[in-house]
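Engineer: Just one file: target-v3.txt, with compact mmCIF, C-alpha atoms and all ligand atoms.
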```
# COMPACT_ATOMS: atom_id res chain seq x y z
CA MET Y 1 0.00 0.00 0.00
CA GLY Y 2 2.84 2.38 0.88
CA ILE Y 3 4.42 1.89 -2.55
CA LEU Y 4 1.12 2.68 -4.26
CA VAL Y 5 0.76 5.86 -2.20
CA PHE Y 6 4.32 6.83 -3.11
CA PHE Y 7 3.76 6.38 -6.85
CA PHE Y 8 0.47 8.19 -6.68
CA GLY Y 9 2.42 11.02 -5.03
CA THR Y 10 5.02 11.09 -7.82
CA ALA Y 11 2.19 11.28 -10.38
CA VAL Y 12 0.74 14.25 -8.51
CA GLY Y 13 4.27 15.72 -8.46
CA SER Y 14 4.46 15.29 -12.22
CA PHE Y 15 1.22 17.24 -12.53
CA LEU Y 16 2.60 19.93 -10.18
CA ASN Y 17 5.61 20.32 -12.49
CA VAL Y 18 3.26 21.06 -15.36
CA LEU Y 19 1.31 23.47 -13.16
CA ILE Y 20 4.47 25.30 -12.02
CA TYR Y 21 5.86 25.54 -15.53
CA ARG Y 22 2.67 26.66 -17.20
CA SER Y 23 1.63 29.15 -14.55
CA MET Y 24 5.02 30.82 -15.11
CA ARG Y 25 4.43 31.02 -18.87
CA GLY Y 26 0.75 31.94 -18.71
CA GLN Y 27 -0.14 28.87 -20.75
CA ASP Y 28 -3.33 26.90 -20.67
CA TRP Y 29 -3.08 24.37 -17.85
CA VAL Y 30 -5.36 21.67 -19.07
CA ARG Y 31 -5.40 21.70 -22.84
CA ALA Y 32 -1.74 21.73 -23.84
CA ARG Y 33 -0.03 18.34 -23.90
CA SER Y 34 3.42 17.75 -22.42
CA VAL Y 35 6.11 19.05 -24.75
CA CYS Y 36 9.89 19.28 -24.49
CA GLU Y 37 10.81 22.75 -23.16
CA HIS Y 38 13.59 22.93 -25.74
CA CYS Y 39 12.47 21.41 -29.07
CA LYS Y 40 8.69 21.68 -28.37
CA LYS Y 41 8.18 18.09 -29.58
CA LYS Y 42 5.44 16.12 -27.89
CA ILE Y 43 6.54 13.77 -25.15
CA PRO Y 44 4.92 10.32 -25.52
CA TRP Y 45 3.29 8.85 -22.42
CA TYR Y 46 6.01 6.22 -21.91
CA GLU Y 47 8.60 9.00 -21.61
CA ASN Y 48 6.43 10.82 -19.14
CA ILE Y 49 6.39 8.34 -16.24
CA PRO Y 50 7.33 10.09 -12.99
CA LEU Y 51 10.93 9.50 -11.81
CA PHE Y 52 11.49 6.47 -14.06
CA SER Y 53 11.50 8.42 -17.30
CA TYR Y 54 14.10 10.82 -15.98
CA LEU Y 55 16.36 7.94 -14.98
CA PHE Y 56 15.68 6.00 -18.18
CA LEU Y 57 16.35 9.02 -20.44
CA LYS Y 58 19.38 9.93 -18.26
CA GLY Y 59 17.95 13.44 -17.88
CA LYS Y 60 17.90 14.24 -21.61
CA CYS Y 61 15.17 14.72 -24.19
CA SER Y 62 15.09 11.67 -26.47
CA LYS Y 63 14.73 13.84 -29.57
CA CYS Y 64 16.97 16.87 -29.18
CA GLN Y 65 19.21 15.67 -26.28
CA ALA Y 66 18.46 18.89 -24.37
CA LYS Y 67 18.83 18.50 -20.61
CA ILE Y 68 15.63 18.01 -18.65
CA GLY Y 69 15.69 20.20 -15.54
CA LEU Y 70 16.55 18.39 -12.32
CA VAL Y 71 13.55 20.18 -10.86
CA HIS Y 72 11.22 17.62 -12.50
CA PRO Y 73 12.41 14.47 -10.70
CA LEU Y 74 12.99 16.63 -7.59
CA VAL Y 75 9.35 17.74 -7.40
CA GLU Y 76 8.15 14.23 -8.25
CA GLY Y 77 10.33 12.64 -5.59
CA MET Y 78 9.44 15.28 -2.99
CA THR Y 79 5.72 14.85 -3.60
CA GLY Y 80 6.06 11.05 -3.54
CA ILE Y 81 7.87 11.14 -0.18
CA LEU Y 82 5.35 13.67 1.08
CA PHE Y 83 2.44 11.34 0.26
CA LEU Y 84 4.26 8.40 1.83
CA TRP Y 85 5.03 10.36 5.00
CA TRP Y 86 1.46 11.61 5.10
CA TYR Y 87 0.13 8.08 4.74
CA PHE Y 88 2.20 6.60 7.55
CA ALA Y 89 2.53 9.49 9.98
CA GLY Y 90 -0.66 11.43 9.27
CA PHE Y 91 -3.32 9.00 8.27
CA VAL Y 92 -2.34 6.25 10.68
CA PHE Y 93 -2.00 8.81 13.46
CA PHE Y 94 -5.38 10.39 12.80
CA LYS Y 95 -6.98 6.98 12.60
CA ILE Y 96 -5.70 6.13 16.05
CA THR Y 97 -6.79 9.41 17.60
CA ALA Y 98 -10.17 9.13 15.82
CA ALA Y 99 -10.58 12.90 15.70
CA PRO Y 100 -14.08 14.12 14.80
CA LEU Y 101 -12.86 15.46 11.46
CA LEU Y 102 -11.39 12.08 10.55
CA TYR Y 103 -11.02 12.64 6.82
CA VAL Y 104 -11.00 16.41 6.65
CA GLN Y 105 -7.94 16.83 8.86
CA PRO Y 106 -5.44 14.60 7.01
CA ALA Y 107 -6.78 15.78 3.64
CA PHE Y 108 -6.32 19.39 4.71
CA TRP Y 109 -2.69 18.92 5.77
CA LEU Y 110 -1.91 17.09 2.56
CA PHE Y 111 -3.44 19.99 0.61
CA VAL Y 112 -1.26 22.43 2.58
CA ALA Y 113 1.87 20.36 1.96
CA VAL Y 114 1.23 20.12 -1.80
CA ILE Y 115 0.79 23.91 -2.06
CA PHE Y 116 4.00 24.33 -0.03
CA VAL Y 117 5.86 22.23 -2.63
CA VAL Y 118 4.55 24.41 -5.48
CA ILE Y 119 5.47 27.70 -3.75
CA PHE Y 120 8.84 26.32 -2.65
CA ILE Y 121 9.83 25.40 -6.21
CA THR Y 122 8.43 28.45 -8.03
CA ASP Y 123 10.07 30.85 -5.56
CA LEU Y 124 13.36 28.98 -5.73
CA LYS Y 125 13.40 28.72 -9.51
CA TYR Y 126 11.64 31.90 -10.67
CA MET Y 127 11.75 34.09 -7.52
CA ILE Y 128 7.99 34.42 -7.75
CA ILE Y 129 5.19 33.30 -5.47
CA PRO Y 130 2.11 32.90 -7.71
CA ASP Y 131 -0.97 34.70 -6.36
CA TRP Y 132 -3.20 31.70 -6.97
CA THR Y 133 -1.16 29.57 -4.55
CA VAL Y 134 -1.44 32.18 -1.78
CA ALA Y 135 -5.16 32.66 -2.48
CA LEU Y 136 -5.84 28.92 -2.47
CA LEU Y 137 -3.89 28.42 0.75
CA THR Y 138 -5.67 31.33 2.47
CA ILE Y 139 -9.14 30.16 1.42
CA GLY Y 140 -8.36 26.53 2.33
CA THR Y 141 -7.01 27.46 5.75
CA LEU Y 142 -9.95 29.72 6.55
CA ALA Y 143 -12.40 27.02 5.46
CA TYR Y 144 -10.59 24.52 7.69
CA ARG Y 145 -10.66 26.91 10.66
CA PHE Y 146 -14.39 27.53 10.14
CA ALA Y 147 -14.97 23.78 10.06
CA LEU Y 148 -13.11 23.46 13.37
CA LEU Y 149 -15.15 26.33 14.84
CA TYR Y 150 -18.38 24.76 13.65
CA LYS Y 151 -17.46 21.40 15.17
CA GLY Y 152 -16.48 23.07 18.44
CA GLU Y 153 -12.86 21.92 18.02
CA MET Y 154 -11.68 25.52 18.15
CA GLN Y 155 -12.80 28.40 20.36
CA PHE Y 156 -13.90 31.70 18.80
CA ARG Y 157 -11.53 33.48 21.16
CA ASP Y 158 -8.55 31.48 19.82
CA PHE Y 159 -9.65 32.16 16.26
CA GLY Y 160 -9.82 35.89 16.99
CA PHE Y 161 -6.32 35.80 18.45
CA SER Y 162 -5.01 33.87 15.45
CA LEU Y 163 -6.28 36.70 13.22
CA LEU Y 164 -4.51 39.22 15.44
CA TRP Y 165 -1.18 37.31 15.33
CA THR Y 166 -1.54 36.91 11.57
CA PHE Y 167 -1.95 40.66 11.30
CA CYS Y 168 1.25 41.12 13.35
CA LEU Y 169 3.18 38.67 11.15
CA VAL Y 170 2.00 40.33 7.95
CA SER Y 171 2.87 43.78 9.35
CA PHE Y 172 6.32 42.50 10.27
CA PHE Y 173 7.04 41.33 6.72
CA PHE Y 174 5.40 44.43 5.30
CA SER Y 175 7.79 46.64 7.27
CA LEU Y 176 10.76 44.47 6.20
CA TRP Y 177 9.66 44.85 2.59
CA PHE Y 178 9.05 48.58 3.08
CA PHE Y 179 12.36 49.39 4.78
CA THR Y 180 14.52 47.19 2.56
CA LYS Y 181 12.75 48.77 -0.43
CA GLY Y 182 11.90 45.39 -1.89
CA LYS Y 183 15.51 44.20 -1.81
CA GLY Y 184 15.84 40.94 0.06
CA PHE Y 185 12.15 40.77 0.83
CA GLY Y 186 9.63 40.71 -1.98
CA PHE Y 187 6.00 41.70 -1.69
CA GLY Y 188 5.32 38.01 -2.35
CA ASP Y 189 6.72 37.26 1.11
CA VAL Y 190 4.29 39.78 2.61
CA LYS Y 191 1.35 38.10 0.87
CA LEU Y 192 2.58 34.64 1.81
CA ALA Y 193 2.61 35.69 5.48
CA ILE Y 194 -1.23 35.85 5.44
CA PRO Y 195 -1.95 32.11 5.01
CA LEU Y 196 1.15 31.13 7.02
CA GLY Y 197 -0.02 33.21 9.96
CA LEU Y 198 -3.48 31.65 9.77
CA LEU Y 199 -1.93 28.18 9.65
CA LEU Y 200 0.42 28.77 12.58
CA GLY Y 201 -2.36 30.41 14.58
CA SER Y 202 -0.50 31.16 17.83
CA TRP Y 203 2.18 33.70 18.72
CA GLN Y 204 4.56 31.01 20.00
CA ARG Y 205 4.51 29.16 16.70
CA ILE Y 206 4.75 32.41 14.72
CA LEU Y 207 7.82 33.53 16.67
CA VAL Y 208 9.48 30.13 16.23
CA ALA Y 209 8.69 30.24 12.49
CA ILE Y 210 10.12 33.77 12.04
CA PHE Y 211 13.24 32.97 14.03
CA GLY Y 212 13.67 29.65 12.23
CA SER Y 213 13.35 31.21 8.78
CA PHE Y 214 16.14 33.69 9.52
CA VAL Y 215 18.38 30.97 10.97
CA ILE Y 216 17.83 28.69 7.95
CA GLY Y 217 18.24 31.65 5.57
CA ALA Y 218 21.50 32.71 7.23
CA LEU Y 219 22.89 29.15 7.20
CA VAL Y 220 22.01 28.64 3.53
CA GLY Y 221 23.38 32.10 2.65
CA VAL Y 222 26.72 31.44 4.39
CA PHE Y 223 26.91 27.98 2.81
CA LEU Y 224 26.33 29.39 -0.70
CA ILE Y 225 28.95 32.08 -0.17
CA LEU Y 226 31.41 29.47 1.09
CA ILE Y 227 30.94 27.24 -1.94
CA LYS Y 228 31.07 30.46 -4.02
CA LYS Y 229 27.67 30.01 -5.62
CA LYS Y 230 26.54 33.43 -4.46
CA LYS Y 231 28.30 36.68 -3.68
CA PHE Y 232 27.65 38.51 -0.46
CA GLY Y 233 24.65 40.83 -0.80
CA GLN Y 234 23.07 38.87 -3.64
CA THR Y 235 19.43 38.17 -3.01
CA LEU Y 236 18.00 34.76 -2.27
CA PRO Y 237 14.29 34.04 -2.39
CA PHE Y 238 13.03 34.10 1.19
CA GLY Y 239 9.85 32.08 0.61
CA PRO Y 240 11.50 28.63 0.78
CA PHE Y 241 13.06 29.41 4.19
CA LEU Y 242 9.74 30.70 5.46
CA LEU Y 243 7.93 27.56 4.29
CA LEU Y 244 10.54 25.24 5.82
CA SER Y 245 10.46 26.95 9.19
CA THR Y 246 6.66 27.15 9.13
CA GLY Y 247 6.52 23.39 8.52
CA LEU Y 248 8.98 22.78 11.36
CA SER Y 249 7.11 25.16 13.65
CA LEU Y 250 3.78 23.46 12.92
CA VAL Y 251 5.28 20.17 14.08
CA TRP Y 252 7.69 21.24 16.81
CA GLY Y 253 6.82 24.91 17.48
CA TYR Y 254 5.50 24.42 21.00
CA ALA Y 255 8.35 22.06 21.93
CA VAL Y 256 10.95 24.59 20.74
CA TRP Y 257 9.16 27.37 22.63
CA ALA Y 258 9.04 25.28 25.84
CA GLU Y 259 12.80 24.62 25.60
CA TYR Y 260 13.45 28.32 25.04
CA VAL Y 261 11.40 29.29 28.11
CA LYS Y 262 13.24 26.66 30.17
CA ILE Y 263 16.59 28.24 29.22
CA LEU Y 264 15.25 31.72 30.05
CA VAL Y 265 14.06 30.86 33.57
CA SER Y 266 16.95 28.62 34.57
ZN ZN D 1 13.64 18.12 -26.89
```
Go through the file and emit its structure as structure tokens.
Ligand SMILES: [Zn+2]
Structural biologist:
Amino acid sequence: MGILVFFFGTAVGSFLNVLIYRSMRGQDWVRARSVCEHCKKKIPWYENIPLFSYLFLKGKCSKCQAKIGLVHPLVEGMTGILFLWWYFAGFVFFKITAAPLLYVQPAFWLFVAVIFVVIFITDLKYMIIPDWTVALLTIGTLAYRFALLYKGEMQFRDFGFSLLWTFCLVSFFFSLWFFTKGKGFGFGDVKLAIPLGLLLGSWQRILVAIFGSFVIGALVGVFLILIKKKKFGQTLPFGPFLLLSTGLSLVWGYAVWAEYVKILVS
């Protein structure tokens, strides 16, 4: 079953690749068939199997020998692993806890994770966070929160506070964008802060996520300078760091905060 879930994930990843690529070119998502980015020749179905085709073709187009971007197998593999992790950790876990929103909860987190993959890759590759991803994530998260409110799984007071903390997070990134004059922080990061704030929901998790994103960003920046891929002062997209630390904070945010408080009072 796990293998099936993994391959289903890679197929979804393959679709995400198409979505990422076409939303960057303003092409029709559904109608156009898969073509080679270089020679524009149609790719037959047997050369379009997630992961395997890339390995089989050794990363080259079979017609013009142009290199196929490593981003394709990367997204496919990431999405496959994501589905597998979700299946074992998420679905099994939620089954045991038998939460009232048995199917909604795991489906929601999978939806969030898939959108994260799309934003991660587009920001990394094109330095752009597409508006539709932010809109979808915001609407999805709000719908999920309303479902929790309706089921009595979340208090209105907590929801109100989560809106307040989201406002603080967005203002924080807005001021970063404003004072750095768009260098270093794009307006895309400001927009992305809206759904991320709603997802994180509490000030502890938001603080851990902000702190984490700067730590990861600094580490990656220093690493890239050391291996001489980037010069000092060159901009990196910030979105991927923000997504990584948000993911980490969603899982371990409270634990990190508890450790931090322990160090403070001791
Ligand atoms: Zn080609």
Engineer: Show me which residues line ligand ZN 1 (chain D), defined as having an atom within 9 Å of a ligand atom where all atoms listed in the file count, and present them as an mmCIF file with C-alpha atoms, keeping the file's coordinate frame.
Structural biologist:
```
data_model
loop_
_atom_site.group_PDB
_atom_site.id
_atom_site.type_symbol
_atom_site.label_atom_id
_atom_site.label_comp_id
_atom_site.auth_asym_id
_atom_site.auth_seq_id
_atom_site.Cartn_x
_atom_site.Cartn_y
_atom_site.Cartn_z
ATOM 1 C CA VAL Y 35 6.110 19.050 -24.750
ATOM 2 C CA CYS Y 36 9.890 19.280 -24.490
ATOM 3 C CA GLU Y 37 10.810 22.750 -23.160
ATOM 4 C CA HIS Y 38 13.590 22.930 -25.740
ATOM 5 C CA CYS Y 39 12.470 21.410 -29.070
ATOM 6 C CA LYS Y 40 8.690 21.680 -28.370
ATOM 7 C CA LYS Y 41 8.180 18.090 -29.580
ATOM 8 C CA LYS Y 42 5.440 16.120 -27.890
ATOM 9 C CA ILE Y 43 6.540 13.770 -25.150
ATOM 10 C CA LYS Y 60 17.900 14.240 -21.610
ATOM 11 C CA CYS Y 61 15.170 14.720 -24.190
ATOM 12 C CA SER Y 62 15.090 11.670 -26.470
ATOM 13 C CA LYS Y 63 14.730 13.840 -29.570
ATOM 14 C CA CYS Y 64 16.970 16.870 -29.180
ATOM 15 C CA GLN Y 65 19.210 15.670 -26.280
ATOM 16 C CA ALA Y 66 18.460 18.890 -24.370
ATOM 17 C CA LYS Y 67 18.830 18.500 -20.610
ATOM 18 C CA ILE Y 68 15.630 18.010 -18.650
#
```
Engineer: Check the smallest atom-to-atom distance from each of Y:Tyr144, Y:Trp132, Y:Phe178, Y:Trp203 to Leu164 in chain Y using only C-alpha atoms, then report the winner.
Structural biologist: Y:Trp203
Engineer: Measuring between all atoms listed in the file, which one of Y:Trp85, Y:Phe173, Y:Phe6, Y:Phe187 shows the shortest distance to Asp131 in chain Y?
Structural biologist: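 Once distances to Asp131 in chain Y are computed over all atoms listed in the file, the minimum belongs to Y:Phe187.
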Engineer: For Met78 in chain Y, which residue out of Y:Ala11, Y:Leu149, Y:Val215, Y:Ile20 is the nearest one, using all atoms listed in the file?
Structural biologist: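 Using all atoms listed in the file, the shortest distance to Met78 in chain Y belongs to Y:Ala11.
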Engineer: Hey, can you check how far CA of Ile128 in chain Y sits from CA of Leu196 in chain Y?
Structural biologist: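 About the pair CA of Ile128 in chain Y and CA of Leu196 in chain Y: they are 16.6 Å apart.
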Engineer: What separation in Å, quoted to one decimal, exists between CA of Thr166 in chain Y and CA of Phe179 in chain Y?
Structural biologist: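 About the pair CA of Thr166 in chain Y and CA of Phe179 in chain Y: they are 19.9 Å apart.
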Engineer: Using all atoms listed in the file, pick whichever of Y:Leu192, Y:Glu153, Y:Gly160, Y:Ser171 has the shortest atom-to-atom distance to Thr138 in chain Y.
Structural biologist: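 Of the candidates, the smallest distance to Thr138 in chain Y is held by Y:Leu192.
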Engineer: Neighbours of Met24 in chain Y within 10 Å (all atoms listed in the file; same-chain residues fewer than 3 positions away dropped), as a PDB file with C-alpha atoms, in the coordinates of the input?
Structural biologist:
```
ATOM      1  CA  VAL Y  18       3.260  21.060 -15.360  1.00  0.00           C
ATOM      2  CA  LEU Y  19       1.310  23.470 -13.160  1.00  0.00           C
ATOM      3  CA  ILE Y  20       4.470  25.300 -12.020  1.00  0.00           C
ATOM      4  CA  TYR Y  21       5.860  25.540 -15.530  1.00  0.00           C
ATOM      5  CA  GLN Y  27      -0.140  28.870 -20.750  1.00  0.00           C
ATOM      6  CA  THR Y 122       8.430  28.450  -8.030  1.00  0.00           C
ATOM      7  CA  TYR Y 126      11.640  31.900 -10.670  1.00  0.00           C
ATOM      8  CA  ILE Y 128       7.990  34.420  -7.750  1.00  0.00           C
ATOM      9  CA  ILE Y 129       5.190  33.300  -5.470  1.00  0.00           C
ATOM     10  CA  PRO Y 130       2.110  32.900  -7.710  1.00  0.00           C
TER      11      PRO Y 130
END
```
Engineer: Record the distance separating CA of Gly77 in chain Y and CA of Leu55 in chain Y, expressed in Å with one decimal.
Structural biologist: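 If I compute the distance from CA of Gly77 in chain Y to CA of Leu55 in chain Y, I get 12.1 Å.
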Engineer: If you count all atoms listed in the file, which residues fall within 8 Å of Leu82 in chain Y, apart from same-chain ones fewer than 4 positions away, as a PyMOL selection string?
Structural biologist: chain Y and resi 9+78+86+113
Engineer: I need the residues from that last selection saved to file as a PDB file, in the frame of the given file (with C-alpha atoms), if you can.
Structural biologist:
```pdb
ATOM      1  CA  GLY Y   9       2.420  11.020  -5.030  1.00  0.00           C
ATOM      2  CA  MET Y  78       9.440  15.280  -2.990  1.00  0.00           C
ATOM      3  CA  TRP Y  86       1.460  11.610   5.100  1.00  0.00           C
ATOM      4  CA  ALA Y 113       1.870  20.360   1.960  1.00  0.00           C
TER       5      ALA Y 113
END
```
Engineer: List the spatial neighbours of Phe214 in chain Y as an MDAnalysis selection string - criterion: any atom at most 10 Å away, all atoms listed in the file, same-chain residues fewer than 5 positions off excluded.
Structural biologist: chainID Y and resid 209 219:220 238 241:242 245
Engineer: Just want the 9 Å neighbourhood of Pro240 in chain Y, counted on all atoms listed in the file, with same-chain residues fewer than 4 positions away dropped. Output as JSON, numbers by chain.
Structural biologist: {"Y": [116, 119, 120, 121, 123, 124, 213, 217, 244, 245]}
Engineer: Which residues, written as a PDB file with C-alpha atoms, keeping the file's coordinate frame, have at least one atom at most 9 Å from Glu47 in chain Y, with all atoms listed in the file counted and residues fewer than 6 positions away on the same chain left out?
Structural biologist:
```pdb
ATOM      1  CA  SER Y  53      11.500   8.420 -17.300  1.00  0.00           C
ATOM      2  CA  TYR Y  54      14.100  10.820 -15.980  1.00  0.00           C
ATOM      3  CA  PHE Y  56      15.680   6.000 -18.180  1.00  0.00           C
ATOM      4  CA  LEU Y  57      16.350   9.020 -20.440  1.00  0.00           C
ATOM      5  CA  SER Y  62      15.090  11.670 -26.470  1.00  0.00           C
TER       6      SER Y  62
END
```
Engineer: Restricting the calculation to only C-alpha atoms, which member of Y:Pro73, Y:Gly253, Y:Gly152, Y:Gly197 is positioned closest to Phe172 in chain Y?
Structural biologist: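 Checking each of Y:Pro73, Y:Gly253, Y:Gly152, Y:Gly197 against Phe172 in chain Y, counting only C-alpha atoms, the winner is Y:Gly197.
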Engineer: Pick from Y:Tyr87, Y:Ile3, Y:Trp177, Y:Phe211: nearest to Ala107 in chain Y, with only C-alpha atoms counted?
Structural biologist: Y:Tyr87
